[in-house]
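Q: The structure file coords_3.cif (mmCIF, C-alpha atoms) is provided below.
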```cif
data_structure
#
loop_
_atom_site.label_atom_id
_atom_site.label_comp_id
_atom_site.auth_asym_id
_atom_site.auth_seq_id
_atom_site.Cartn_x
_atom_site.Cartn_y
_atom_site.Cartn_z
CA MET P 1 155.39 -82.48 -48.41
CA LYS P 2 153.94 -82.99 -51.89
CA GLY P 3 155.33 -86.51 -52.26
CA VAL P 4 153.36 -87.72 -49.24
CA GLU P 5 150.15 -86.01 -50.40
CA ALA P 6 150.59 -87.54 -53.86
CA ALA P 7 151.13 -90.99 -52.32
CA LEU P 8 147.87 -90.66 -50.37
CA ALA P 9 146.00 -89.60 -53.52
CA VAL P 10 147.47 -92.51 -55.52
CA TRP P 11 146.61 -94.96 -52.74
CA GLU P 12 143.01 -93.74 -52.69
CA GLU P 13 142.83 -94.30 -56.46
CA SER P 14 144.21 -97.83 -56.05
CA ARG P 15 141.41 -98.65 -53.58
CA ARG P 16 139.00 -97.78 -56.39
CA GLY P 17 140.68 -100.28 -58.71
CA VAL P 18 143.13 -98.03 -60.60
CA PHE P 19 146.58 -99.56 -61.19
CA LEU P 20 149.34 -97.89 -59.19
CA SER P 21 151.34 -97.14 -62.33
CA GLN P 22 148.42 -95.35 -63.94
CA ALA P 23 147.52 -93.44 -60.78
CA LEU P 24 151.15 -92.33 -60.40
CA ARG P 25 151.17 -91.01 -63.96
CA ASN P 26 148.01 -89.06 -63.18
CA TYR P 27 149.57 -87.36 -60.15
CA SER P 28 153.19 -87.00 -61.27
CA THR P 29 152.89 -84.02 -63.61
CA ASP P 30 153.14 -81.40 -60.85
CA LEU P 31 155.84 -83.15 -58.82
CA SER P 32 159.60 -82.71 -58.83
CA GLU P 33 161.67 -85.81 -59.52
CA GLY P 34 162.41 -86.23 -55.81
CA GLU P 35 158.74 -85.89 -54.85
CA ARG P 36 157.68 -88.33 -57.56
CA ARG P 37 160.30 -90.83 -56.41
CA LEU P 38 159.11 -90.53 -52.80
CA ALA P 39 155.46 -91.04 -53.79
CA SER P 40 156.36 -94.05 -55.93
CA THR P 41 158.50 -95.63 -53.21
CA LEU P 42 155.79 -95.17 -50.60
CA VAL P 43 152.92 -96.67 -52.59
CA TYR P 44 154.86 -99.61 -53.99
CA SER P 45 156.45 -100.42 -50.63
CA ALA P 46 153.03 -100.27 -49.01
CA MET P 47 151.36 -102.49 -51.62
CA ARG P 48 154.10 -105.12 -51.83
CA ARG P 49 153.77 -106.03 -48.14
CA TYR P 50 150.31 -104.67 -47.42
CA ASN P 51 149.37 -107.53 -45.08
CA LEU P 52 152.54 -107.02 -43.01
CA TRP P 53 151.92 -103.31 -42.46
CA VAL P 54 148.29 -103.92 -41.46
CA ASP P 55 149.43 -106.61 -39.01
CA ILE P 56 151.93 -104.22 -37.39
CA ILE P 57 149.44 -101.35 -37.25
CA LYS P 58 146.74 -103.52 -35.68
CA SER P 59 149.09 -104.42 -32.83
CA PHE P 60 149.26 -100.72 -31.89
CA LEU P 61 145.54 -99.92 -32.17
CA HIS P 62 142.84 -100.11 -29.51
CA ARG P 63 140.04 -100.32 -32.08
CA PRO P 64 139.46 -102.40 -35.23
CA PHE P 65 141.60 -101.25 -38.14
CA GLU P 66 138.57 -101.66 -40.43
CA SER P 67 136.67 -99.01 -38.44
CA LEU P 68 139.19 -96.25 -39.25
CA PHE P 69 138.33 -93.39 -41.59
CA PRO P 70 139.80 -94.34 -45.03
CA LEU P 71 142.32 -91.47 -45.10
CA THR P 72 143.50 -92.37 -41.59
CA GLY P 73 144.03 -96.01 -42.50
CA ASP P 74 145.82 -95.00 -45.70
CA ALA P 75 148.17 -92.69 -43.80
CA LEU P 76 149.02 -95.43 -41.31
CA ILE P 77 149.74 -98.03 -44.02
CA LEU P 78 151.87 -95.70 -46.14
CA GLY P 79 153.58 -94.25 -43.10
CA CYS P 80 154.38 -97.67 -41.66
CA ALA P 81 155.80 -98.86 -45.00
CA GLY P 82 157.86 -95.69 -45.40
CA LEU P 83 159.27 -95.80 -41.89
CA LEU P 84 160.30 -99.45 -42.17
CA GLU P 85 161.41 -99.53 -45.81
CA ILE P 86 163.01 -96.18 -46.64
CA LYS P 87 166.54 -96.23 -45.33
CA HIS P 88 167.73 -92.65 -45.97
CA PHE P 89 164.93 -90.49 -44.63
CA PHE P 90 164.58 -88.81 -41.25
CA PRO P 91 161.71 -90.79 -39.60
CA GLN P 92 160.17 -87.92 -37.66
CA ALA P 93 159.98 -85.78 -40.83
CA LEU P 94 157.95 -88.54 -42.50
CA VAL P 95 155.66 -88.83 -39.48
CA ASN P 96 155.12 -85.06 -39.46
CA ALA P 97 154.28 -85.08 -43.19
CA PHE P 98 151.55 -87.71 -42.71
CA VAL P 99 150.22 -85.92 -39.63
CA GLU P 100 149.93 -82.66 -41.58
CA ALA P 101 148.19 -84.42 -44.49
CA VAL P 102 145.62 -85.99 -42.14
CA LYS P 103 145.11 -82.70 -40.29
CA LYS P 104 143.73 -81.06 -43.46
CA LYS P 105 140.84 -83.52 -43.84
CA ARG P 106 140.55 -85.48 -40.60
CA PRO P 107 141.87 -83.38 -37.69
CA TYR P 108 140.25 -85.65 -35.10
CA ASP P 109 142.61 -88.47 -36.06
CA VAL P 110 145.88 -86.51 -35.91
CA GLY P 111 146.73 -87.77 -32.43
CA LEU P 112 146.09 -91.40 -33.40
CA VAL P 113 148.24 -91.20 -36.54
CA ASN P 114 151.06 -89.50 -34.67
CA ALA P 115 150.99 -92.01 -31.80
CA VAL P 116 150.84 -95.14 -33.97
CA LEU P 117 153.58 -94.03 -36.36
CA ARG P 118 155.84 -93.10 -33.45
CA ARG P 119 155.38 -96.63 -32.09
CA VAL P 120 156.21 -98.02 -35.52
CA ILE P 121 159.56 -96.19 -35.37
CA VAL P 122 160.37 -97.75 -32.01
CA GLU P 123 158.81 -101.22 -32.22
CA GLY P 124 158.06 -101.97 -35.87
CA ARG P 125 161.42 -103.51 -36.74
CA ARG P 126 161.17 -105.81 -33.74
CA ARG P 127 158.09 -107.43 -35.29
CA ILE P 128 159.90 -107.89 -38.61
CA GLU P 129 162.85 -109.55 -36.86
CA GLU P 130 160.46 -111.93 -35.08
CA LEU P 131 158.97 -112.98 -38.40
CA LYS P 132 162.43 -113.42 -39.97
CA SER P 133 163.41 -115.88 -37.26
CA SER P 134 160.19 -117.89 -37.60
CA GLN P 135 160.03 -121.09 -39.66
CA ASN P 136 156.23 -120.97 -39.76
CA LEU P 137 154.93 -120.77 -43.34
CA LEU P 138 152.22 -118.24 -42.50
CA ASP P 139 154.77 -115.99 -40.77
CA GLN P 140 156.94 -116.13 -43.89
CA ALA P 141 153.94 -115.26 -46.06
CA LEU P 142 153.29 -112.24 -43.85
CA LEU P 143 156.94 -111.17 -43.84
CA TRP P 144 157.32 -111.20 -47.62
CA GLY P 145 153.88 -109.88 -48.49
CA LEU P 146 152.00 -112.89 -49.88
CA PRO P 147 148.44 -114.14 -49.48
CA GLN P 148 148.56 -117.25 -47.30
CA TRP P 149 147.00 -119.53 -49.92
CA VAL P 150 149.66 -118.49 -52.47
CA ALA P 151 152.47 -119.27 -50.02
CA ARG P 152 151.00 -122.73 -49.44
CA ARG P 153 150.52 -123.40 -53.16
CA TRP P 154 154.06 -122.37 -54.08
CA THR P 155 155.58 -124.38 -51.25
CA GLU P 156 153.64 -127.47 -52.38
CA SER P 157 154.69 -126.93 -56.02
CA TRP P 158 158.32 -125.91 -55.63
CA GLY P 159 159.48 -127.09 -52.22
CA GLN P 160 160.65 -124.82 -49.43
CA GLU P 161 163.97 -123.71 -50.95
CA LEU P 162 162.62 -122.52 -54.31
CA ALA P 163 159.41 -121.19 -52.76
CA LYS P 164 161.51 -119.01 -50.43
CA LYS P 165 163.19 -117.48 -53.50
CA LEU P 166 159.75 -116.59 -54.85
CA PHE P 167 158.78 -115.11 -51.49
CA VAL P 168 161.86 -112.88 -51.39
CA ALA P 169 161.33 -111.83 -55.03
CA GLN P 170 158.15 -110.05 -53.94
CA VAL P 171 160.14 -107.21 -52.40
CA VAL P 172 162.83 -106.82 -55.07
CA ARG P 173 162.55 -103.29 -56.47
CA PRO P 174 162.31 -103.51 -60.27
CA TYR P 175 164.35 -101.23 -62.51
CA LEU P 176 164.07 -100.17 -66.13
CA SER P 177 165.70 -102.11 -68.92
CA PHE P 178 165.83 -100.54 -72.38
CA ARG P 179 165.32 -102.62 -75.54
CA LEU P 180 167.13 -100.54 -78.13
CA SER P 181 165.88 -99.91 -81.65
CA PRO P 182 168.19 -100.90 -84.54
CA LYS P 183 168.22 -97.15 -85.27
CA VAL P 184 170.50 -96.40 -82.31
CA SER P 185 173.74 -97.86 -81.01
CA VAL P 186 174.40 -98.90 -77.45
CA GLU P 187 177.08 -96.24 -77.11
CA GLU P 188 174.88 -93.42 -78.38
CA MET P 189 171.93 -94.38 -76.19
CA SER P 190 174.12 -94.81 -73.11
CA SER P 191 175.52 -91.33 -73.69
CA ARG P 192 172.09 -89.79 -74.12
CA LEU P 193 170.79 -91.44 -70.97
CA LEU P 194 173.84 -90.25 -69.03
CA SER P 195 173.04 -86.70 -70.14
CA MET P 196 169.84 -87.08 -68.08
CA GLY P 197 171.76 -88.47 -65.13
CA ILE P 198 170.70 -92.07 -65.88
CA LYS P 199 173.62 -94.49 -65.71
CA SER P 200 173.20 -97.59 -67.85
CA TRP P 201 175.16 -100.69 -68.77
CA ILE P 202 174.68 -103.48 -71.27
CA SER P 203 172.77 -106.61 -70.31
CA PRO P 204 174.90 -109.75 -69.99
CA TYR P 205 172.33 -111.60 -72.11
CA PHE P 206 171.35 -109.25 -74.94
CA SER P 207 173.59 -107.00 -77.03
CA TYR P 208 170.69 -104.59 -77.67
CA VAL P 209 169.40 -104.21 -74.09
CA LEU P 210 170.61 -101.69 -71.53
CA ARG P 211 170.06 -101.96 -67.81
CA SER P 212 169.61 -99.03 -65.46
CA ALA P 213 168.93 -98.36 -61.80
CA SER P 214 166.06 -96.09 -62.81
CA PHE P 215 162.34 -96.64 -62.38
CA GLY P 216 161.24 -93.35 -63.91
CA LEU P 217 158.33 -92.73 -66.23
CA PRO P 218 159.41 -93.89 -69.74
CA PRO P 219 157.87 -90.98 -71.72
CA SER P 220 159.99 -88.53 -69.73
CA VAL P 221 163.26 -90.25 -70.70
CA VAL P 222 165.29 -89.06 -73.68
CA GLY P 223 164.81 -91.05 -76.89
CA TYR P 224 161.45 -92.60 -75.98
CA ASP P 225 159.30 -90.36 -78.18
CA GLU P 226 161.76 -90.91 -81.05
CA GLY P 227 161.21 -94.67 -80.82
CA LEU P 228 164.86 -95.30 -79.96
CA TRP P 229 164.10 -97.59 -77.05
CA THR P 230 161.27 -99.51 -75.42
CA PRO P 231 160.87 -100.46 -71.76
CA GLN P 232 160.81 -104.27 -71.66
CA THR P 233 161.99 -106.67 -69.00
CA GLU P 234 164.73 -109.07 -70.01
CA SER P 235 162.41 -112.03 -69.43
CA SER P 236 159.93 -110.58 -71.89
CA VAL P 237 162.75 -109.82 -74.34
CA PHE P 238 163.81 -113.47 -74.19
CA ILE P 239 160.26 -114.59 -75.08
CA SER P 240 159.90 -112.29 -78.09
CA GLU P 241 163.47 -113.04 -79.18
CA GLN P 242 162.59 -116.73 -79.35
CA ALA P 243 159.68 -115.83 -81.62
CA VAL P 244 162.05 -113.77 -83.79
CA LEU P 245 164.54 -116.66 -84.09
CA LEU P 246 161.75 -119.03 -85.12
CA SER P 247 160.19 -116.60 -87.59
CA ALA P 248 162.96 -116.84 -90.22
CA GLY P 249 161.35 -117.22 -93.64
CA LYS P 250 157.84 -116.77 -92.25
CA LYS P 251 155.60 -114.02 -93.63
CA LEU P 252 152.79 -113.83 -91.07
CA ILE P 253 153.00 -113.94 -87.27
CA LEU P 254 149.81 -113.97 -85.24
CA ASP P 255 150.06 -112.29 -81.82
CA MET P 256 146.90 -113.69 -80.21
CA CYS P 257 146.86 -111.58 -77.03
CA ALA P 258 148.97 -108.62 -78.09
CA GLY P 259 148.18 -106.22 -75.26
CA ARG P 260 150.09 -102.95 -75.73
CA GLY P 261 152.18 -104.37 -78.56
CA ILE P 262 155.55 -104.59 -76.75
CA LYS P 263 156.45 -108.04 -78.07
CA ALA P 264 154.93 -107.22 -81.49
CA GLY P 265 157.23 -104.20 -81.68
CA HIS P 266 160.27 -106.34 -80.89
CA MET P 267 159.35 -108.92 -83.53
CA LEU P 268 158.83 -106.27 -86.20
CA GLU P 269 162.02 -104.38 -85.29
CA SER P 270 164.02 -107.58 -85.67
CA THR P 271 162.57 -108.77 -89.00
CA GLN P 272 162.35 -107.28 -92.48
CA ASP P 273 159.32 -108.53 -94.43
CA THR P 274 157.24 -110.08 -91.66
CA ILE P 275 153.70 -108.92 -90.96
CA VAL P 276 152.25 -109.19 -87.45
CA GLU P 277 148.51 -109.61 -87.03
CA ALA P 278 147.73 -108.54 -83.48
CA TRP P 279 144.56 -109.35 -81.54
CA ASP P 280 143.28 -108.24 -78.18
CA ILE P 281 139.89 -108.30 -76.53
CA SER P 282 140.41 -104.81 -75.09
CA LYS P 283 139.85 -101.86 -77.43
CA ASN P 284 141.96 -99.66 -75.16
CA LYS P 285 144.89 -102.08 -75.40
CA VAL P 286 144.58 -102.28 -79.18
CA ASN P 287 144.64 -98.49 -79.35
CA ALA P 288 147.70 -98.47 -77.10
CA GLY P 289 149.35 -101.13 -79.26
CA GLN P 290 148.77 -99.12 -82.40
CA ARG P 291 150.27 -96.04 -80.73
CA GLU P 292 153.27 -98.14 -79.67
CA LEU P 293 153.98 -99.37 -83.19
CA LYS P 294 153.42 -95.89 -84.61
CA ARG P 295 156.02 -94.58 -82.11
CA LEU P 296 158.44 -97.18 -83.46
CA GLY P 297 157.57 -96.44 -87.09
CA LEU P 298 156.25 -99.98 -87.63
CA LEU P 299 152.48 -99.57 -87.72
CA GLU P 300 152.18 -100.19 -91.48
CA ARG P 301 153.52 -103.75 -91.03
CA SER P 302 150.78 -104.70 -88.57
CA ILE P 303 147.11 -105.64 -88.67
CA TRP P 304 145.13 -104.97 -85.51
CA LYS P 305 141.80 -106.52 -84.53
CA VAL P 306 139.65 -106.07 -81.44
CA GLY P 307 137.81 -109.16 -80.27
CA ASP P 308 137.88 -112.57 -78.61
CA SER P 309 140.87 -114.63 -79.75
CA LEU P 310 138.72 -117.74 -79.47
CA SER P 311 136.54 -116.55 -82.35
CA LEU P 312 138.56 -114.05 -84.44
CA VAL P 313 139.79 -115.25 -87.83
CA PRO P 314 143.22 -114.25 -89.23
CA ASP P 315 143.54 -112.68 -92.65
CA ALA P 316 145.77 -115.60 -93.70
CA THR P 317 147.02 -118.80 -92.09
CA PRO P 318 149.81 -117.82 -89.67
CA GLU P 319 153.11 -119.69 -89.75
CA LEU P 320 153.94 -118.67 -86.20
CA VAL P 321 151.55 -117.89 -83.35
CA LEU P 322 152.66 -116.07 -80.22
CA LEU P 323 150.26 -116.72 -77.37
CA ASP P 324 151.28 -114.60 -74.39
CA ALA P 325 148.22 -115.73 -72.50
CA PRO P 326 146.23 -113.77 -69.91
CA CYS P 327 147.34 -115.02 -66.50
CA SER P 328 147.67 -114.27 -62.80
CA GLY P 329 150.77 -112.14 -63.46
CA SER P 330 152.38 -113.75 -60.42
CA GLY P 331 155.86 -113.52 -61.92
CA THR P 332 155.53 -109.72 -62.04
CA TRP P 333 154.05 -109.06 -58.61
CA ASN P 334 157.03 -106.99 -57.53
CA ARG P 335 156.18 -104.60 -60.44
CA HIS P 336 152.40 -104.86 -60.10
CA PRO P 337 151.85 -105.82 -56.45
CA GLU P 338 148.17 -104.88 -56.38
CA ALA P 339 147.39 -107.92 -58.57
CA LYS P 340 148.27 -110.46 -55.87
CA TRP P 341 145.66 -109.09 -53.48
CA LYS P 342 142.96 -109.45 -56.18
CA LEU P 343 143.78 -113.05 -57.09
CA SER P 344 141.93 -116.00 -55.57
CA ALA P 345 142.16 -119.75 -56.01
CA GLY P 346 138.90 -119.60 -57.96
CA LYS P 347 140.27 -116.97 -60.35
CA LEU P 348 143.39 -119.11 -60.88
CA VAL P 349 141.16 -121.99 -62.02
CA GLY P 350 139.44 -119.57 -64.42
CA TYR P 351 142.75 -118.47 -65.90
CA SER P 352 143.83 -122.08 -66.40
CA ARG P 353 140.59 -122.94 -68.20
CA LEU P 354 140.95 -119.95 -70.53
CA GLN P 355 144.61 -120.72 -71.24
CA LYS P 356 143.75 -124.27 -72.34
CA GLU P 357 141.09 -122.96 -74.72
CA LEU P 358 143.45 -120.36 -76.16
CA LEU P 359 146.31 -122.84 -76.64
CA LYS P 360 144.00 -125.29 -78.43
CA ARG P 361 142.83 -122.44 -80.66
CA ALA P 362 146.44 -121.42 -81.41
CA ILE P 363 147.26 -124.98 -82.49
CA ASP P 364 144.17 -125.10 -84.70
CA LEU P 365 145.10 -121.80 -86.39
CA VAL P 366 148.81 -122.34 -87.07
CA ALA P 367 149.84 -123.83 -90.42
CA PRO P 368 151.16 -127.42 -90.59
CA GLY P 369 154.87 -127.23 -89.80
CA GLY P 370 154.23 -123.97 -87.96
CA ILE P 371 155.22 -122.91 -84.46
CA VAL P 372 153.21 -121.91 -81.38
CA VAL P 373 155.10 -119.94 -78.72
CA TYR P 374 153.14 -120.20 -75.46
CA SER P 375 154.09 -117.96 -72.55
CA THR P 376 152.74 -116.54 -69.32
CA CYS P 377 154.20 -114.26 -66.67
CA SER P 378 153.06 -116.72 -64.01
CA MET P 379 154.83 -118.95 -61.51
CA PHE P 380 151.82 -121.22 -60.96
CA ARG P 381 152.16 -124.67 -62.55
CA GLU P 382 148.38 -124.66 -63.12
CA GLU P 383 148.85 -121.94 -65.74
CA ASN P 384 151.92 -123.42 -67.33
CA GLU P 385 153.04 -127.04 -67.75
CA MET P 386 149.66 -128.35 -66.57
CA VAL P 387 147.98 -126.36 -69.37
CA VAL P 388 150.49 -127.62 -71.95
CA GLY P 389 150.21 -131.21 -70.74
CA GLU P 390 146.43 -131.32 -70.98
CA VAL P 391 146.39 -129.74 -74.45
CA LEU P 392 149.09 -132.10 -75.78
CA CYS P 393 147.05 -135.09 -74.68
CA SER P 394 144.41 -134.12 -77.24
CA ALA P 395 146.87 -132.98 -79.96
CA PRO P 396 149.14 -135.90 -80.97
CA GLU P 397 150.35 -133.94 -84.01
CA VAL P 398 152.09 -131.41 -81.74
CA ILE P 399 155.55 -131.80 -80.22
CA GLU P 400 157.57 -129.62 -77.86
CA LEU P 401 160.83 -128.11 -79.09
CA GLU P 402 163.88 -127.68 -76.89
CA ILE P 403 165.14 -124.17 -76.21
CA ASP P 404 168.75 -123.10 -76.41
CA SER P 405 169.05 -120.70 -73.50
CA LYS P 406 172.41 -119.29 -74.70
CA GLY P 407 173.29 -118.66 -71.09
CA PHE P 408 169.98 -117.06 -70.09
CA PRO P 409 168.88 -118.52 -66.72
CA LEU P 410 166.14 -121.05 -67.53
CA GLN P 411 164.73 -123.80 -65.34
CA ARG P 412 163.03 -126.81 -66.89
CA GLY P 413 159.35 -127.22 -66.16
CA ARG P 414 157.96 -130.51 -64.93
CA PRO P 415 157.82 -131.96 -67.54
CA PHE P 416 156.99 -129.29 -70.12
CA GLY P 417 158.35 -125.84 -70.90
CA TYR P 418 160.87 -123.63 -69.16
CA TYR P 419 160.68 -121.11 -66.35
CA ILE P 420 162.49 -117.80 -66.15
CA TRP P 421 163.00 -117.14 -62.46
CA PRO P 422 162.36 -113.58 -61.13
CA SER P 423 165.98 -113.38 -60.10
CA SER P 424 166.97 -109.75 -60.69
CA PRO P 425 165.45 -106.25 -60.90
CA TRP P 426 165.40 -106.61 -64.71
CA ALA P 427 163.94 -110.13 -64.99
CA ASP P 428 160.36 -111.06 -64.13
CA GLY P 429 159.05 -114.57 -63.66
CA PHE P 430 157.90 -116.14 -66.94
CA PHE P 431 157.02 -119.53 -68.42
CA LEU P 432 157.80 -120.44 -72.02
CA CYS P 433 156.96 -123.49 -74.11
CA ILE P 434 157.58 -123.82 -77.85
CA LEU P 435 155.39 -126.24 -79.78
CA MET P 436 155.53 -127.39 -83.40
CA LYS P 437 152.56 -128.69 -85.37
CA ARG P 438 153.87 -131.59 -87.46
#
```
Produce structure tokens that represent the structure in this file.
A:
Amino acid sequence: MKGVEAALAVWEESRRGVFLSQALRNYSTDLSEGERRLASTLVYSAMRRYNLWVDIIKSFLHRPFESLFPLTGDALILGCAGLLEIKHFFPQALVNAFVEAVKKKRPYDVGLVNAVLRRVIVEGRRRIEELKSSQNLLDQALLWGLPQWVARRWTESWGQELAKKLFVAQVVRPYLSFRLSPKVSVEEMSSRLLSMGIKSWISPYFSYVLRSASFGLPPSVVGYDEGLWTPQTESSVFISEQAVLLSAGKKLILDMCAGRGIKAGHMLESTQDTIVEAWDISKNKVNAGQRELKRLGLLERSIWKVGDSLSLVPDATPELVLLDAPCSGSGTWNRHPEAKWKLSAGKLVGYSRLQKELLKRAIDLVAPGGIVVYSTCSMFREENEMVVGEVLCSAPEVIELEIDSKGFPLQRGRPFGYYIWPSSPWADGFFLCILMKR
């Protein structure tokens, strides 16, 4: 079964530090749509609740899990996740596929893989039900696939009820939302997507965003190469839309940490004469951002620079600065689950320190009367209102502006900014704070 073999190859790449999304792109070219979907489901299901699957597997082993041959351990994790997460798949066929994959490279472990996965079929769900009925915080962290220290931190910050919503959000399967170019209508794009078998419907919050139940590779979807649409979560769209609304009459926007240029593309698509100067410390991301704006036909209205945003100098004084700061990414862990297993409390402190320095720099750079839009895709208060609060203490000339949500689900920070809760397959967790330099 090619989907299972691809999942094992992708998982091996992820152990070497490659993002799942990139590894899947590398191995998807020779797969049918069904095989690609199976591989994607297996690796993301396995990564989202990695600690749960290891806990279940360990209960069926008579030797330390860490002593297993890497391929054997990978097969058990992916197999366990597939058996307990995939609803419409004959369990024994999945077990046989993993057994055959292990047989090719590690025949001595075939019996072990077969025996453990068969026990998962019979007893695995019992363990999940035990955890569901437990009120213990560490059991809940295990059930929903969170590092224990994160579960504690979120419970302390948000209280049990809201923290539980964040826990559950870890296993929500994300789907594609399409930010449409002004060059195409909703009706035309919906029709073109349907021709590929992709059903779509308009977002309740944005007249130019379509939702779908697809999680396919964007370049393979009709209209992408033409620049007719861009994959962007609705939370991210709300952030860049706020920048667009505040950019009226402004000539230069500085995108301090532009990444792949998704928000820059939205701002340029929605304005006429505005120029975006885009910075990023990664040359690869700058190259990707330039390709993105070229795809949209907007590259000539942008200026790209590689370097540290703490030391780069803009070509002119910006009237609006968008600072989508580097962060833990904790609001997007259902899309990028590998990130949560790499984060530590020490790294979180490092992010917070960097965010304060970047926000101070943004305030220094923006023109008097100008706007700073500060955002993260994090649900940690240390990266959000605590950053804003500390910076405002040393910047009396800066005030926070209120945001008109226009029905979009926002939750007020304490006391600064607003949170977008990861409440649907099309909305990630984000924080947003808009500041004006008087």
Q: One decimal, in Å: what's the spacing between CA of Arg49 (chain P) and CA of Ser67 (chain P)?
A: 20.9 Å
Q: Here's a test: counting all atoms listed in the file, identify every protein, DNA and RNA residue with an atom at most 6 Å from (155.4, -111.8, -52.3) in the file's coordinate frame, and state them as a PyMOL selection string.
A: chain P and resi 144-146+167+170
Q: Check the smallest atom-to-atom distance from each of P:Thr332, P:Val54, P:Val122, P:Gln160 to Asn136 (chain P) using only C-alpha atoms, then report the winner.
A: P:Gln160
Q: Once the PyMOL selection byres ((chain P and resi 405) around 12) has been evaluated on this model, what residues remain selected, and can you format them as a PyMOL selection string?
A: chain P and resi 205-206+235+238-239+241-242+402-404+406-412+418-420+432
Q: I'd like the contact shell of Arg173 (chain P) - 9 Å cut-off, all atoms listed in the file, skipping same-chain residues fewer than 4 positions apart - returned as a PyMOL selection string.
A: chain P and resi 44-45+169+215+334-335+424-425
Q: Kindly resolve the PyMOL selection byres ((chain P and resi 76) around 9) on the present coordinates and return the residues as a list of chain:residue names.
A: P:Trp53, P:Val54, P:Ile57, P:Leu71, P:Thr72, P:Gly73, P:Asp74, P:Ala75, P:Ile77, P:Leu78, P:Gly79, P:Cys80, P:Ala81, P:Phe98, P:Val113, P:Val116, P:Leu117
Q: Run the PyMOL selection byres ((chain P and resi 245) around 12) mentally over the shown coordinates, then write out the matched residues as a list in words, using the chain letters and numbers from the document.
A: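 Given this file, the PyMOL selection byres ((chain P and resi 245) around 12) evaluates to Phe238, Ile239, Ser240, Glu241, Gln242, Ala243, Val244, Leu246, Ser247, Ala248, Gly249, Lys250, His266, Met267, Ser270, Thr271, Leu320, Ile371, Val373, Ile403, Asp404 and Ile434 of chain P.
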Q: Can you tell me, as lines of an AutoDock Vina configuration file, the centre and edge lengths (Å, one decimal) of the axis-aligned box enclosing all of region 202-218 of chain P's listed atoms after padding each side by 4 Å?
A:
```
center_x = 166.6
center_y = -102.2
center_z = -69.7
size_x = 24.6
size_y = 26.9
size_z = 23.9
```
Q: Here's a test: counting all atoms listed in the file, identify every protein, DNA and RNA residue with an atom at most 7 Å from (153.5, -126.6, -74.0) in the file's coordinate frame, and state them as a ChimeraX atom specification.
A: /P:374,385,388-389,400,416-417,433-435
Q: Measure the distance from CA of His336 (chain P) to CA of Leu20 (chain P) in Å and round it to one decimal.
A: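 Separation of CA of His336 (chain P) and CA of Leu20 (chain P): 7.7 Å.
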Q: Which one is closest to Leu210 (chain P): P:Arg25, P:Glu292, P:Trp426, P:Glu35? Count all atoms listed in the file.
A: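 Smallest separation from Leu210 (chain P) among the options: P:Trp426.
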Q: Near region 338-350 of chain P, within 10 Å and counting only C-alpha atoms, which residues show up once chain neighbours fewer than 2 positions away are dropped, as JSON, numbers by chain?
A: {"P": [14, 15, 17, 18, 19, 20, 44, 46, 47, 48, 50, 51, 145, 146, 147, 149, 150, 153, 327, 328, 329, 330, 332, 333, 334, 335, 336, 352, 353, 354, 355, 380, 382, 383]}
Q: So what do you get for CA of Leu138 (chain P) versus CA of Lys58 (chain P), distance-wise?
A: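 For CA of Leu138 (chain P) relative to CA of Lys58 (chain P), the distance reads 17.1 Å.
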Q: When distances are computed from only C-alpha atoms, which of P:Glu300, P:Asp280, P:Glu5, P:Asp255 shows the smallest separation from Leu365 (chain P)?
A: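 Of P:Glu300, P:Asp280, P:Glu5, P:Asp255, the one nearest Leu365 (chain P) is P:Asp255, counting only C-alpha atoms.
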Q: For Gly124 (chain P), work out the shell of residues within 9 Å, counting all atoms listed in the file and skipping chain neighbours fewer than 3 positions away, then give it as an NGL selection string.
A: :P and (56-57 or 80 or 83-84 or 119-121 or 127-128)
Q: Can you tell me, as a list in words, what residues are no more than 7 Å from region 192-202 of chain P when counting all atoms listed in the file, ignoring any on the same chain fewer than 4 positions away?
A: Glu188, Ser207, Val209, Leu210, Arg211, Ser212, Ser214 and Val222 of chain P
Q: Find the residues around Gly307 (chain P) up to 10 Å (all atoms listed in the file counted), leave out those fewer than 6 positions away in its own chain, and share them as a PDB file with C-alpha atoms, keeping the file's coordinate frame.
A:
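Result saved to part05.pdb:
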```
ATOM      1  CA  CYS P 257     146.860-111.580 -77.030  1.00  0.00           C
ATOM      2  CA  TRP P 279     144.560-109.350 -81.540  1.00  0.00           C
ATOM      3  CA  ASP P 280     143.280-108.240 -78.180  1.00  0.00           C
ATOM      4  CA  ILE P 281     139.890-108.300 -76.530  1.00  0.00           C
ATOM      5  CA  SER P 282     140.410-104.810 -75.090  1.00  0.00           C
ATOM      6  CA  LYS P 283     139.850-101.860 -77.430  1.00  0.00           C
ATOM      7  CA  VAL P 286     144.580-102.280 -79.180  1.00  0.00           C
ATOM      8  CA  VAL P 313     139.790-115.250 -87.830  1.00  0.00           C
TER       9      VAL P 313
END
```
Q: Let me make sure I understand: among P:Pro231, P:Ser220, P:Pro70, P:Tyr27, which one has the smallest atom-to-atom distance to Glu12 (chain P) if we use only C-alpha atoms?
A: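 Of P:Pro231, P:Ser220, P:Pro70, P:Tyr27, the one nearest Glu12 (chain P) is P:Pro70, counting only C-alpha atoms.
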Q: Kindly indicate which residue among P:Ala115, P:Ile275, P:Leu323, P:Glu85 lies nearest to His62 (chain P), using all atoms listed in the file for the distances.
A: P:Ala115
